[in-house]
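**Q** Take a look at the following structure, please.
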Amino acid sequence: MRIIITGATCCMGRNLAESFKAYGMKVVATGRSRAVADELKNQGIEFLNADILKQGQLNAVFSPSDCVIHCAGKSGDWGKYDEFYETNVVGTRNVVEACKTHRIGKLIFVSTPSIYYTGQDRFDVTEDEPLPKRPLTNYAKTKLEAERELMSRVKDGLKVIILRPRAVYGPHDKVFVPRILKMSERKQFPLINNGCALTDITYVDNFVEAVRKCLTAPDEAWNETYNISNGEPITMKDWFSRMLKILGRPFNPKNIPESSAKAVAGLMEFASGLPFGPKEPTLTRFSVGYMSKSMTMSIEKAKKKLGYMPRVNNRQSFEEYAKWYESKSDGI
């Protein structure tokens, strides 16, 4: 099987490339980090430079393959709509055109469950529940636009699977665990509403397993959307405390009321809007809400149609991550 992976220098894309190479697949990786590109090449993975915003480059590096896994994108809860639109919508459109040029008939798109967020507690959210009329971030908005464009191409013969993994962490993660470790360096670890919000998390090995199941899925499982997680909801406090304990880091929680956190976030957002203010706020009102409101997702559809089963549970994933972390001389 020959696979093309965009965004192969990010956590999800890199783990896919390394794992699929180990499975014996032919992997072609693209991405932006030259350092990671060199590391992938050293593992025998073919890496080709290409910017998803440049159609000519994509056309040049794509070639007939069994499937494209599109991980590249712009994430975050702060930034101008045009910047997110250019990468997440136009970039995805370019990937589809490159698939068309080389007659690649299958595409797996990595989206986000942020599109479910309403600012209220939500539990066991399924893929077919009504979505908010207006996504609350430009990231979520443009990812949803990209999803809809992809599904509109199904009539042209393209087979699509959309995955919505929640909070992916593990080896090479530059987002979730690094932030947890950084907060642990403070005298007190801030927890909004005592960290009682319930959330889903996804160890990257489970994400890789979900994608592997997609590659061998029957035709009737394509042109569908799937939630992906460890299938074991956990409170924010338990996630942070258990992760830090297994890494041997201190955890001294301090409760921050949601209202107070939002007030501080509002001031930070205001400062970021000033001519000489920081490029982006350390804390946003959206991120406060995301950490203070419960949101869990059903993965029953992925289990039923893809045959997906999480390979490791939360505890096992923390242990696996700790082993990887300790094996790195420079940590993350």
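A note on labels: chains of the structure tokens are A, B, ... as shown, every chain counts residues from 1, and ligands are counted from 1 in their shown order.
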Residues at most 12 Å from Phe318 (chain A), counting only C-alpha atoms, excluding those fewer than 5 positions away in the same chain, as a list in words?
**A**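 What passes the distance filter is Tyr169, Gly170, Pro171, Val177, Ile201, Thr202, Tyr203, Val204, Asp205, Asn230, Asp238, Trp239, Phe240, Ser241, Arg242, Met243, Leu244, Lys245, Ile246, Leu247, Gly248, Val312, Asn313, Lys323, Trp324 and Tyr325 of chain A.
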**Q** Please produce an output containing C-alpha atoms for each residue in the selection, written as a compact mmCIF listing (two decimals), in the first residue's frame.
**A**
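Result file is part-v8.txt:
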```txt
# COMPACT_ATOMS: atom_id res chain seq x y z
CA TYR A 169 -1.16 13.61 22.71
CA GLY A 170 1.86 11.33 22.73
CA PRO A 171 5.38 11.21 21.25
CA VAL A 177 1.82 17.77 27.27
CA ILE A 201 -8.42 12.53 25.15
CA THR A 202 -6.72 10.53 22.39
CA TYR A 203 -3.34 8.86 22.64
CA VAL A 204 -1.61 9.15 19.28
CA ASP A 205 -1.24 5.36 18.95
CA ASN A 230 -9.45 6.72 23.99
CA ASP A 238 -7.26 13.75 36.75
CA TRP A 239 -5.63 14.12 33.34
CA PHE A 240 -3.16 16.73 34.51
CA SER A 241 -2.41 15.14 37.88
CA ARG A 242 -1.95 11.61 36.53
CA MET A 243 0.23 12.76 33.67
CA LEU A 244 2.45 14.81 35.97
CA LYS A 245 2.69 12.05 38.57
CA ILE A 246 3.94 9.50 36.09
CA LEU A 247 6.47 12.03 34.77
CA GLY A 248 7.63 12.82 38.30
CA VAL A 312 -4.41 1.51 24.98
CA ASN A 313 -6.45 3.06 27.79
CA LYS A 323 8.78 5.71 28.60
CA TRP A 324 9.16 7.64 25.36
CA TYR A 325 9.77 10.92 27.21
```
**Q** Show me, as a list in words, the residues that have an atom within 12 Å of Met151 (chain A) when counting only C-alpha atoms, minus same-chain residues fewer than 6 positions from it.
**A** Thr92, Arg93, Val96, Leu107, Ile108, Phe109, Leu144, Glu145, Gly157, Leu158, Lys159, Val160, Ile161, Ile162, Trp222, Asn223, Glu224 and Thr225 of chain A
**Q** Measuring atom to atom with only C-alpha atoms, identify which of A:Leu191, A:Cys99, A:Leu40, A:Ile299 is nearest to Asn255 (chain A).
**A**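 Among the listed residues, the smallest separation from Asn255 (chain A) belongs to A:Leu191.
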**Q** To one decimal place in Å, what is the distance between CA of Asn314 (chain A) and CA of Val208 (chain A)?
**A**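 Value for the CA of Asn314 (chain A)-CA of Val208 (chain A) distance: 15.6 Å.
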**Q** What's around Pro165 (chain A) at 8 Å? Count only C-alpha atoms, leave out sequence neighbours fewer than 3 positions away in its own chain, and write the answer as an MDAnalysis selection string.
**A** chainID A and resid 110:113 168 202 207 227:229
**Q** Print the selection's residues with N, CA and C atoms to a file, as a PDB file, in the first residue's frame.
**A**
```pdb
ATOM      1  N   VAL A 110      -8.195  14.920   8.549  1.00  0.00           N
ATOM      2  CA  VAL A 110      -8.170  15.082  10.003  1.00  0.00           C
ATOM      3  C   VAL A 110      -8.804  16.420  10.359  1.00  0.00           C
ATOM      4  N   SER A 111      -9.984  16.359  10.950  1.00  0.00           N
ATOM      5  CA  SER A 111     -10.720  17.551  11.331  1.00  0.00           C
ATOM      6  C   SER A 111     -10.626  17.741  12.846  1.00  0.00           C
ATOM      7  N   THR A 112     -11.631  18.337  13.444  1.00  0.00           N
ATOM      8  CA  THR A 112     -11.578  18.643  14.875  1.00  0.00           C
ATOM      9  C   THR A 112     -12.956  18.574  15.514  1.00  0.00           C
ATOM     10  N   PRO A 113     -13.059  18.085  16.764  1.00  0.00           N
ATOM     11  CA  PRO A 113     -14.329  18.116  17.493  1.00  0.00           C
ATOM     12  C   PRO A 113     -14.638  19.497  18.055  1.00  0.00           C
ATOM     13  N   VAL A 168      -5.290  15.055  20.886  1.00  0.00           N
ATOM     14  CA  VAL A 168      -4.299  14.030  20.575  1.00  0.00           C
ATOM     15  C   VAL A 168      -2.963  14.366  21.254  1.00  0.00           C
ATOM     16  N   THR A 202      -7.070  11.559  23.382  1.00  0.00           N
ATOM     17  CA  THR A 202      -6.718  10.530  22.389  1.00  0.00           C
ATOM     18  C   THR A 202      -5.214  10.334  22.344  1.00  0.00           C
ATOM     19  N   PHE A 207      -5.012   7.024  17.674  1.00  0.00           N
ATOM     20  CA  PHE A 207      -5.314   7.746  16.442  1.00  0.00           C
ATOM     21  C   PHE A 207      -4.747   7.005  15.234  1.00  0.00           C
ATOM     22  N   ASN A 227     -15.925  10.182  15.164  1.00  0.00           N
ATOM     23  CA  ASN A 227     -15.266  10.660  16.376  1.00  0.00           C
ATOM     24  C   ASN A 227     -14.206   9.640  16.783  1.00  0.00           C
ATOM     25  N   ILE A 228     -13.076  10.130  17.273  1.00  0.00           N
ATOM     26  CA  ILE A 228     -12.008   9.244  17.729  1.00  0.00           C
ATOM     27  C   ILE A 228     -11.500   9.723  19.094  1.00  0.00           C
ATOM     28  N   SER A 229     -11.336   8.789  20.024  1.00  0.00           N
ATOM     29  CA  SER A 229     -10.756   9.099  21.332  1.00  0.00           C
ATOM     30  C   SER A 229     -10.300   7.802  21.984  1.00  0.00           C
TER      31      SER A 229
END
```
**Q** Please report as JSON lines every residue of region 138-177 of chain A lying within 8 Å of region 86-90 of chain A, along with the nearest atom pair and their distance in Å (one decimal), using only C-alpha atoms.
**A**
```
{"residue": "A:Thr142", "atom": "CA", "partner": "A:Asn88", "partner_atom": "CA", "distance": 6.0}
{"residue": "A:Lys143", "atom": "CA", "partner": "A:Asn88", "partner_atom": "CA", "distance": 6.1}
{"residue": "A:Glu145", "atom": "CA", "partner": "A:Val89", "partner_atom": "CA", "distance": 6.6}
{"residue": "A:Ala146", "atom": "CA", "partner": "A:Val89", "partner_atom": "CA", "distance": 4.9}
```
**Q** To one decimal place, how far is CA of Val288 (chain A) from CA of Ile256 (chain A) in Å?
**A**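 CA of Ile256 (chain A) lies at a distance of 10.3 Å from CA of Val288 (chain A).
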**Q** I want to know what sits within 8 Å of Asp200 (chain A), based on only C-alpha atoms, with residues of the same chain fewer than 3 positions away left out; could you give that as a VMD selection string?
**A** chain A and resid 166 to 167 229 to 234 295 to 297
**Q** Measure the distance from CA of Val36 (chain A) to CA of Tyr23 (chain A) in Å and round it to one decimal.
**A** 20.1 Å
**Q** Residues near Ser294 (chain A), anyone? I mean within 7 Å using only C-alpha atoms, not counting same-chain ones fewer than 6 positions away, as a list in words.
**A**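 Surrounding residues, per the criterion: Asp121, Arg122, Ala197, Leu198 and Thr199 of chain A.
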**Q** Got time to write the residues from that selection, N, CA and C atoms, as a PDB file, in the first residue's frame?
**A**
```
ATOM      1  N   ASP A 121     -22.067  22.392  28.691  1.00  0.00           N
ATOM      2  CA  ASP A 121     -21.679  20.994  28.871  1.00  0.00           C
ATOM      3  C   ASP A 121     -22.387  20.123  27.835  1.00  0.00           C
ATOM      4  N   ARG A 122     -21.633  19.181  27.247  1.00  0.00           N
ATOM      5  CA  ARG A 122     -22.209  18.238  26.294  1.00  0.00           C
ATOM      6  C   ARG A 122     -21.610  16.855  26.554  1.00  0.00           C
ATOM      7  N   ALA A 197     -14.323  19.589  34.833  1.00  0.00           N
ATOM      8  CA  ALA A 197     -14.881  19.330  33.506  1.00  0.00           C
ATOM      9  C   ALA A 197     -14.415  17.971  32.982  1.00  0.00           C
ATOM     10  N   LEU A 198     -15.329  17.251  32.376  1.00  0.00           N
ATOM     11  CA  LEU A 198     -15.045  15.923  31.834  1.00  0.00           C
ATOM     12  C   LEU A 198     -14.704  16.063  30.357  1.00  0.00           C
ATOM     13  N   THR A 199     -13.642  15.395  29.931  1.00  0.00           N
ATOM     14  CA  THR A 199     -13.206  15.508  28.549  1.00  0.00           C
ATOM     15  C   THR A 199     -12.749  14.156  27.999  1.00  0.00           C
TER      16      THR A 199
END
```
**Q** Determine which residues of region 127-268 of chain A receive a DSSP assignment of strand (DSSP E), computed from the backbone, and state them as a PyMOL selection string.
**A** chain A and resi 159-165+168-169+189-192+198-199+202-203+224-228+234-235+253-256
**Q** Would you mind exporting C-alpha atoms of the selected residues as a PDB file, in the first residue's frame?
**A**
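The result, written out as selection19.pdb:
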```
ATOM      1  CA  LYS A 159     -14.033   8.618  -1.379  1.00  0.00           C
ATOM      2  CA  VAL A 160     -13.627  10.528   1.869  1.00  0.00           C
ATOM      3  CA  ILE A 161     -13.350   9.732   5.566  1.00  0.00           C
ATOM      4  CA  ILE A 162     -13.383  12.589   8.067  1.00  0.00           C
ATOM      5  CA  LEU A 163     -11.894  11.966  11.508  1.00  0.00           C
ATOM      6  CA  ARG A 164     -12.534  14.168  14.543  1.00  0.00           C
ATOM      7  CA  PRO A 165      -9.959  13.108  17.175  1.00  0.00           C
ATOM      8  CA  VAL A 168      -4.299  14.030  20.575  1.00  0.00           C
ATOM      9  CA  TYR A 169      -1.162  13.607  22.707  1.00  0.00           C
ATOM     10  CA  PHE A 189      -1.170  24.752  39.006  1.00  0.00           C
ATOM     11  CA  PRO A 190      -4.246  26.742  37.877  1.00  0.00           C
ATOM     12  CA  LEU A 191      -7.421  24.665  37.496  1.00  0.00           C
ATOM     13  CA  ILE A 192     -10.572  26.332  36.205  1.00  0.00           C
ATOM     14  CA  LEU A 198     -15.045  15.923  31.834  1.00  0.00           C
ATOM     15  CA  THR A 199     -13.206  15.508  28.549  1.00  0.00           C
ATOM     16  CA  THR A 202      -6.718  10.530  22.389  1.00  0.00           C
ATOM     17  CA  TYR A 203      -3.338   8.856  22.637  1.00  0.00           C
ATOM     18  CA  GLU A 224     -18.586   9.215   6.621  1.00  0.00           C
ATOM     19  CA  THR A 225     -17.410  11.172   9.678  1.00  0.00           C
ATOM     20  CA  TYR A 226     -16.052   9.528  12.833  1.00  0.00           C
ATOM     21  CA  ASN A 227     -15.266  10.660  16.376  1.00  0.00           C
ATOM     22  CA  ILE A 228     -12.008   9.244  17.729  1.00  0.00           C
ATOM     23  CA  ILE A 234     -11.455  11.877  32.265  1.00  0.00           C
ATOM     24  CA  THR A 235     -11.661  15.092  34.277  1.00  0.00           C
ATOM     25  CA  PRO A 253      -3.605  22.740  42.138  1.00  0.00           C
ATOM     26  CA  LYS A 254      -5.238  26.102  42.699  1.00  0.00           C
ATOM     27  CA  ASN A 255      -8.893  26.663  41.851  1.00  0.00           C
ATOM     28  CA  ILE A 256      -9.680  29.536  39.484  1.00  0.00           C
TER      29      ILE A 256
END
```
**Q** For the alpha helix (DSSP H) assignment from backbone DSSP, which residues of region 126-256 of chain A qualify? Please present them as an MDAnalysis selection string.
**A** chainID A and resid 138:152 176:184 204:215 236:246
